[in-house]
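Report on the following structure.
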Amino acid sequence: QLFVEALRLDRNECLAYLNLGLALAAGETVQLLDGRELDKKTLYTEAIRCDRDNSSAYVNLGCELEPGEMVKLHDERELNKKQLLVEAIHCDSNDCNYFFELGDELAAGEMVQLHDRRVLDKKELYKEAIRCKTGDAHAHACVSLGCELAPGETVQLHDGGALDKKQL
């Protein structure tokens, strides 16, 4: 109810939309004091409308999408989960979870272009997650990258070191 009240006071409060979305169970909706009934996807879309640089809003919205589903943002862009993760990376390129999640979304041989114009495959995204060197995603990226390597293949890391499957 506090988030609903916050939105009554300021309809452009990004964190209120974001936290309301997090508080809802799958399939649940919330009625705002202005009468609008919003689900998780709509709440996250509203959060993006209020703050286009909030990486969590992009990631959370992406997590709500079904495979192949697109969502239309207030600026008329239609994005899928992969594109939402690219937006999250654009907003916060130091969160290794975003690189890891995007790597998990790519099929073998698939490439994705980031806003900085780099075109990365699954291995490169996992390497970016390792570069961040924080949290569980770092460990998962090491394992995932190791699974992508062929026997005897090594991966060159950003610090100049090279690791094989066993070392990862």
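Naming scheme: A, B, ... for chains in displayed order of the structure tokens; residues 1 onward per chain; ligands 1 onward as shown.
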
Item checked: Residues within 12 Å of Arg11 of chain A, only C-alpha atoms, excluding chain neighbours under 2 positions, as a PyMOL selection string -> chain A and resi 3-9+13-17+32-34+36+43+46-47+49-50

Spatial neighbours of segment 80-93 of chain A, 10 Å, only C-alpha atoms, chain gap at least 6 places, as a PDB file with N, CA, C and O atoms, in the first residue's frame:
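Result file is around-v4.pdb:
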```
ATOM      1  N   ARG A  52      14.435   6.005 -17.809  1.00  0.00           N
ATOM      2  CA  ARG A  52      14.976   5.170 -18.899  1.00  0.00           C
ATOM      3  C   ARG A  52      16.347   4.596 -18.589  1.00  0.00           C
ATOM      4  O   ARG A  52      16.845   3.760 -19.321  1.00  0.00           O
ATOM      5  N   ASP A  53      16.967   5.030 -17.500  1.00  0.00           N
ATOM      6  CA  ASP A  53      18.297   4.542 -17.140  1.00  0.00           C
ATOM      7  C   ASP A  53      18.275   3.546 -15.986  1.00  0.00           C
ATOM      8  O   ASP A  53      19.325   3.203 -15.446  1.00  0.00           O
ATOM      9  N   ASN A  54      17.107   3.074 -15.605  1.00  0.00           N
ATOM     10  CA  ASN A  54      17.009   2.112 -14.506  1.00  0.00           C
ATOM     11  C   ASN A  54      17.158   0.705 -15.067  1.00  0.00           C
ATOM     12  O   ASN A  54      16.220   0.135 -15.623  1.00  0.00           O
ATOM     13  N   SER A  55      18.349   0.146 -14.917  1.00  0.00           N
ATOM     14  CA  SER A  55      18.649  -1.169 -15.496  1.00  0.00           C
ATOM     15  C   SER A  55      17.755  -2.269 -14.935  1.00  0.00           C
ATOM     16  O   SER A  55      17.355  -3.182 -15.662  1.00  0.00           O
ATOM     17  N   SER A  56      17.418  -2.184 -13.666  1.00  0.00           N
ATOM     18  CA  SER A  56      16.585  -3.227 -13.045  1.00  0.00           C
ATOM     19  C   SER A  56      15.208  -3.319 -13.694  1.00  0.00           C
ATOM     20  O   SER A  56      14.653  -4.409 -13.816  1.00  0.00           O
ATOM     21  N   ALA A  57      14.668  -2.201 -14.102  1.00  0.00           N
ATOM     22  CA  ALA A  57      13.348  -2.216 -14.735  1.00  0.00           C
ATOM     23  C   ALA A  57      13.378  -3.004 -16.045  1.00  0.00           C
ATOM     24  O   ALA A  57      12.461  -3.783 -16.331  1.00  0.00           O
ATOM     25  N   TYR A  58      14.436  -2.840 -16.833  1.00  0.00           N
ATOM     26  CA  TYR A  58      14.574  -3.586 -18.090  1.00  0.00           C
ATOM     27  C   TYR A  58      14.712  -5.086 -17.824  1.00  0.00           C
ATOM     28  O   TYR A  58      14.074  -5.910 -18.480  1.00  0.00           O
ATOM     29  N   VAL A  59      15.562  -5.434 -16.852  1.00  0.00           N
ATOM     30  CA  VAL A  59      15.790  -6.846 -16.541  1.00  0.00           C
ATOM     31  C   VAL A  59      14.510  -7.490 -16.020  1.00  0.00           C
ATOM     32  O   VAL A  59      14.121  -8.581 -16.452  1.00  0.00           O
ATOM     33  N   ASN A  60      13.851  -6.828 -15.087  1.00  0.00           N
ATOM     34  CA  ASN A  60      12.630  -7.395 -14.507  1.00  0.00           C
ATOM     35  C   ASN A  60      11.539  -7.554 -15.555  1.00  0.00           C
ATOM     36  O   ASN A  60      10.822  -8.564 -15.557  1.00  0.00           O
ATOM     37  N   LEU A  61      11.414  -6.581 -16.441  1.00  0.00           N
ATOM     38  CA  LEU A  61      10.431  -6.700 -17.519  1.00  0.00           C
ATOM     39  C   LEU A  61      10.777  -7.882 -18.411  1.00  0.00           C
ATOM     40  O   LEU A  61       9.910  -8.689 -18.765  1.00  0.00           O
ATOM     41  N   GLY A  62      12.039  -8.023 -18.760  1.00  0.00           N
ATOM     42  CA  GLY A  62      12.469  -9.155 -19.582  1.00  0.00           C
ATOM     43  C   GLY A  62      12.148 -10.493 -18.953  1.00  0.00           C
ATOM     44  O   GLY A  62      11.754 -11.441 -19.631  1.00  0.00           O
ATOM     45  N   CYS A  63      12.307 -10.584 -17.645  1.00  0.00           N
ATOM     46  CA  CYS A  63      12.019 -11.841 -16.932  1.00  0.00           C
ATOM     47  C   CYS A  63      10.545 -12.218 -16.987  1.00  0.00           C
ATOM     48  O   CYS A  63      10.197 -13.391 -16.827  1.00  0.00           O
ATOM     49  N   GLU A  64       9.691 -11.254 -17.217  1.00  0.00           N
ATOM     50  CA  GLU A  64       8.247 -11.517 -17.273  1.00  0.00           C
ATOM     51  C   GLU A  64       7.777 -11.965 -18.654  1.00  0.00           C
ATOM     52  O   GLU A  64       6.650 -12.435 -18.802  1.00  0.00           O
ATOM     53  N   LEU A  65       8.630 -11.823 -19.669  1.00  0.00           N
ATOM     54  CA  LEU A  65       8.221 -12.149 -21.035  1.00  0.00           C
ATOM     55  C   LEU A  65       8.333 -13.645 -21.315  1.00  0.00           C
ATOM     56  O   LEU A  65       9.259 -14.306 -20.844  1.00  0.00           O
ATOM     57  N   GLU A  66       7.410 -14.133 -22.095  1.00  0.00           N
ATOM     58  CA  GLU A  66       7.461 -15.508 -22.589  1.00  0.00           C
ATOM     59  C   GLU A  66       8.458 -15.553 -23.749  1.00  0.00           C
ATOM     60  O   GLU A  66       8.711 -14.533 -24.389  1.00  0.00           O
ATOM     61  N   PRO A  67       9.023 -16.736 -24.043  1.00  0.00           N
ATOM     62  CA  PRO A  67       9.949 -16.824 -25.184  1.00  0.00           C
ATOM     63  C   PRO A  67       9.310 -16.278 -26.468  1.00  0.00           C
ATOM     64  O   PRO A  67       8.172 -16.613 -26.792  1.00  0.00           O
ATOM     65  N   GLY A  68      10.038 -15.399 -27.134  1.00  0.00           N
ATOM     66  CA  GLY A  68       9.554 -14.805 -28.378  1.00  0.00           C
ATOM     67  C   GLY A  68       8.608 -13.633 -28.201  1.00  0.00           C
ATOM     68  O   GLY A  68       8.258 -12.967 -29.174  1.00  0.00           O
ATOM     69  N   GLU A  69       8.185 -13.364 -26.980  1.00  0.00           N
ATOM     70  CA  GLU A  69       7.248 -12.268 -26.727  1.00  0.00           C
ATOM     71  C   GLU A  69       7.957 -10.916 -26.829  1.00  0.00           C
ATOM     72  O   GLU A  69       9.114 -10.776 -26.457  1.00  0.00           O
ATOM     73  N   MET A  70       7.243  -9.936 -27.340  1.00  0.00           N
ATOM     74  CA  MET A  70       7.739  -8.567 -27.448  1.00  0.00           C
ATOM     75  C   MET A  70       6.890  -7.689 -26.530  1.00  0.00           C
ATOM     76  O   MET A  70       5.733  -7.998 -26.274  1.00  0.00           O
ATOM     77  N   VAL A  71       7.474  -6.606 -26.066  1.00  0.00           N
ATOM     78  CA  VAL A  71       6.738  -5.641 -25.251  1.00  0.00           C
ATOM     79  C   VAL A  71       6.955  -4.260 -25.857  1.00  0.00           C
ATOM     80  O   VAL A  71       8.049  -3.938 -26.320  1.00  0.00           O
ATOM     81  N   LYS A  72       5.890  -3.481 -25.878  1.00  0.00           N
ATOM     82  CA  LYS A  72       5.969  -2.130 -26.437  1.00  0.00           C
ATOM     83  C   LYS A  72       6.163  -1.142 -25.296  1.00  0.00           C
ATOM     84  O   LYS A  72       5.382  -1.110 -24.345  1.00  0.00           O
ATOM     85  N   PHE A  99      25.244  -9.474 -18.200  1.00  0.00           N
ATOM     86  CA  PHE A  99      26.014 -10.172 -19.238  1.00  0.00           C
ATOM     87  C   PHE A  99      25.749 -11.675 -19.177  1.00  0.00           C
ATOM     88  O   PHE A  99      25.584 -12.331 -20.201  1.00  0.00           O
ATOM     89  N   PHE A 100      25.717 -12.204 -17.955  1.00  0.00           N
ATOM     90  CA  PHE A 100      25.475 -13.630 -17.771  1.00  0.00           C
ATOM     91  C   PHE A 100      24.087 -14.010 -18.292  1.00  0.00           C
ATOM     92  O   PHE A 100      23.934 -14.978 -19.041  1.00  0.00           O
ATOM     93  N   GLU A 101      23.070 -13.239 -17.915  1.00  0.00           N
ATOM     94  CA  GLU A 101      21.694 -13.518 -18.353  1.00  0.00           C
ATOM     95  C   GLU A 101      21.579 -13.456 -19.872  1.00  0.00           C
ATOM     96  O   GLU A 101      20.934 -14.298 -20.492  1.00  0.00           O
ATOM     97  N   LEU A 102      22.199 -12.440 -20.475  1.00  0.00           N
ATOM     98  CA  LEU A 102      22.141 -12.306 -21.926  1.00  0.00           C
ATOM     99  C   LEU A 102      22.864 -13.475 -22.587  1.00  0.00           C
ATOM    100  O   LEU A 102      22.383 -14.023 -23.585  1.00  0.00           O
ATOM    101  N   GLY A 103      23.993 -13.884 -22.038  1.00  0.00           N
ATOM    102  CA  GLY A 103      24.697 -15.049 -22.568  1.00  0.00           C
ATOM    103  C   GLY A 103      23.830 -16.292 -22.531  1.00  0.00           C
ATOM    104  O   GLY A 103      23.806 -17.087 -23.479  1.00  0.00           O
ATOM    105  N   ASP A 104      23.100 -16.458 -21.449  1.00  0.00           N
ATOM    106  CA  ASP A 104      22.198 -17.611 -21.335  1.00  0.00           C
ATOM    107  C   ASP A 104      21.066 -17.575 -22.362  1.00  0.00           C
ATOM    108  O   ASP A 104      20.545 -18.615 -22.748  1.00  0.00           O
ATOM    109  N   GLU A 105      20.686 -16.396 -22.784  1.00  0.00           N
ATOM    110  CA  GLU A 105      19.589 -16.251 -23.742  1.00  0.00           C
ATOM    111  C   GLU A 105      20.012 -16.568 -25.175  1.00  0.00           C
ATOM    112  O   GLU A 105      19.171 -16.903 -26.008  1.00  0.00           O
ATOM    113  N   LEU A 106      21.305 -16.432 -25.473  1.00  0.00           N
ATOM    114  CA  LEU A 106      21.761 -16.637 -26.846  1.00  0.00           C
ATOM    115  C   LEU A 106      21.880 -18.114 -27.184  1.00  0.00           C
ATOM    116  O   LEU A 106      22.328 -18.920 -26.371  1.00  0.00           O
ATOM    117  N   VAL A 112      25.049 -10.800 -30.547  1.00  0.00           N
ATOM    118  CA  VAL A 112      24.216  -9.668 -30.160  1.00  0.00           C
ATOM    119  C   VAL A 112      25.080  -8.411 -30.176  1.00  0.00           C
ATOM    120  O   VAL A 112      26.256  -8.464 -29.818  1.00  0.00           O
ATOM    121  N   GLN A 113      24.494  -7.306 -30.641  1.00  0.00           N
ATOM    122  CA  GLN A 113      25.230  -6.046 -30.667  1.00  0.00           C
ATOM    123  C   GLN A 113      24.803  -5.190 -29.484  1.00  0.00           C
ATOM    124  O   GLN A 113      23.614  -4.966 -29.251  1.00  0.00           O
ATOM    125  N   LEU A 114      25.804  -4.716 -28.733  1.00  0.00           N
ATOM    126  CA  LEU A 114      25.554  -3.829 -27.609  1.00  0.00           C
ATOM    127  C   LEU A 114      25.526  -2.386 -28.098  1.00  0.00           C
ATOM    128  O   LEU A 114      25.891  -2.094 -29.238  1.00  0.00           O
ATOM    129  N   HIS A 115      25.122  -1.477 -27.244  1.00  0.00           N
ATOM    130  CA  HIS A 115      25.040  -0.065 -27.625  1.00  0.00           C
ATOM    131  C   HIS A 115      26.406   0.523 -27.980  1.00  0.00           C
ATOM    132  O   HIS A 115      26.474   1.476 -28.758  1.00  0.00           O
ATOM    133  N   ASP A 116      27.478  -0.040 -27.405  1.00  0.00           N
ATOM    134  CA  ASP A 116      28.815   0.463 -27.720  1.00  0.00           C
ATOM    135  C   ASP A 116      29.342  -0.108 -29.039  1.00  0.00           C
ATOM    136  O   ASP A 116      30.506   0.032 -29.358  1.00  0.00           O
ATOM    137  N   GLU A 128      32.661 -11.167 -20.236  1.00  0.00           N
ATOM    138  CA  GLU A 128      32.310  -9.867 -19.656  1.00  0.00           C
ATOM    139  C   GLU A 128      31.789 -10.037 -18.226  1.00  0.00           C
ATOM    140  O   GLU A 128      32.093  -9.236 -17.346  1.00  0.00           O
ATOM    141  N   ALA A 129      30.999 -11.073 -17.997  1.00  0.00           N
ATOM    142  CA  ALA A 129      30.499 -11.344 -16.646  1.00  0.00           C
ATOM    143  C   ALA A 129      31.655 -11.654 -15.702  1.00  0.00           C
ATOM    144  O   ALA A 129      31.664 -11.209 -14.552  1.00  0.00           O
ATOM    145  N   CYS A 132      33.607  -8.527 -14.480  1.00  0.00           N
ATOM    146  CA  CYS A 132      33.002  -7.774 -13.380  1.00  0.00           C
ATOM    147  C   CYS A 132      33.433  -8.303 -12.014  1.00  0.00           C
ATOM    148  O   CYS A 132      33.468  -7.558 -11.046  1.00  0.00           O
TER     149      CYS A 132
END
```

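Taking atom CA of Asp51 of chain A and atom CA of Glu37 of chain A as the two end points, the separation is 20.7 Å.
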
Next item on the list: Determine which residues of segment 13-159 of chain A receive a DSSP assignment of strand (DSSP E), computed from the backbone, and state them as an MDAnalysis selection string.
Entry: chainID A and resid 29:31 37:39 71:72 78:79 112:113 119:120 154:156

Check: Separation of atom CA of Gly27 of chain A and atom CA of Lys40 of chain A, in Å?
Finding: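 Taking atom CA of Gly27 of chain A and atom CA of Lys40 of chain A, their separation equals 7.9 Å.
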
Using the chain letters and numbers from this document, which residues of segment 73-114 of chain A does DSSP assign to helix (DSSP H, G or I), as an mmCIF file with C-alpha atoms, in the first residue's frame?
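After the write, selection.cif holds the following:
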```cif
data_model
loop_
_atom_site.group_PDB
_atom_site.id
_atom_site.type_symbol
_atom_site.label_atom_id
_atom_site.label_comp_id
_atom_site.auth_asym_id
_atom_site.auth_seq_id
_atom_site.Cartn_x
_atom_site.Cartn_y
_atom_site.Cartn_z
ATOM 1 C CA LYS A 81 13.988 -10.241 -23.640
ATOM 2 C CA LYS A 82 17.400 -10.120 -25.317
ATOM 3 C CA GLN A 83 16.904 -6.514 -26.364
ATOM 4 C CA LEU A 84 15.775 -5.590 -22.844
ATOM 5 C CA LEU A 85 18.964 -7.138 -21.458
ATOM 6 C CA VAL A 86 21.027 -5.111 -23.963
ATOM 7 C CA GLU A 87 19.257 -2.001 -22.626
ATOM 8 C CA ALA A 88 20.084 -3.029 -19.045
ATOM 9 C CA ILE A 89 23.767 -3.426 -19.987
ATOM 10 C CA HIS A 90 23.671 0.002 -21.611
ATOM 11 C CA CYS A 91 22.363 1.447 -18.335
ATOM 12 C CA CYS A 96 27.892 -9.011 -14.344
ATOM 13 C CA ASN A 97 24.428 -10.548 -13.938
ATOM 14 C CA TYR A 98 23.209 -8.775 -17.071
ATOM 15 C CA PHE A 99 26.014 -10.172 -19.238
ATOM 16 C CA PHE A 100 25.475 -13.630 -17.771
ATOM 17 C CA GLU A 101 21.694 -13.518 -18.353
ATOM 18 C CA LEU A 102 22.141 -12.306 -21.926
ATOM 19 C CA GLY A 103 24.697 -15.049 -22.568
ATOM 20 C CA ASP A 104 22.198 -17.611 -21.335
ATOM 21 C CA GLU A 105 19.589 -16.251 -23.742
#
```

Check: So what do you get for atom CA of Lys41 of chain A versus atom CA of Gln1 of chain A, distance-wise?
Finding: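 Computed distance, atom CA of Lys41 of chain A to atom CA of Gln1 of chain A, equals 18.7 Å.
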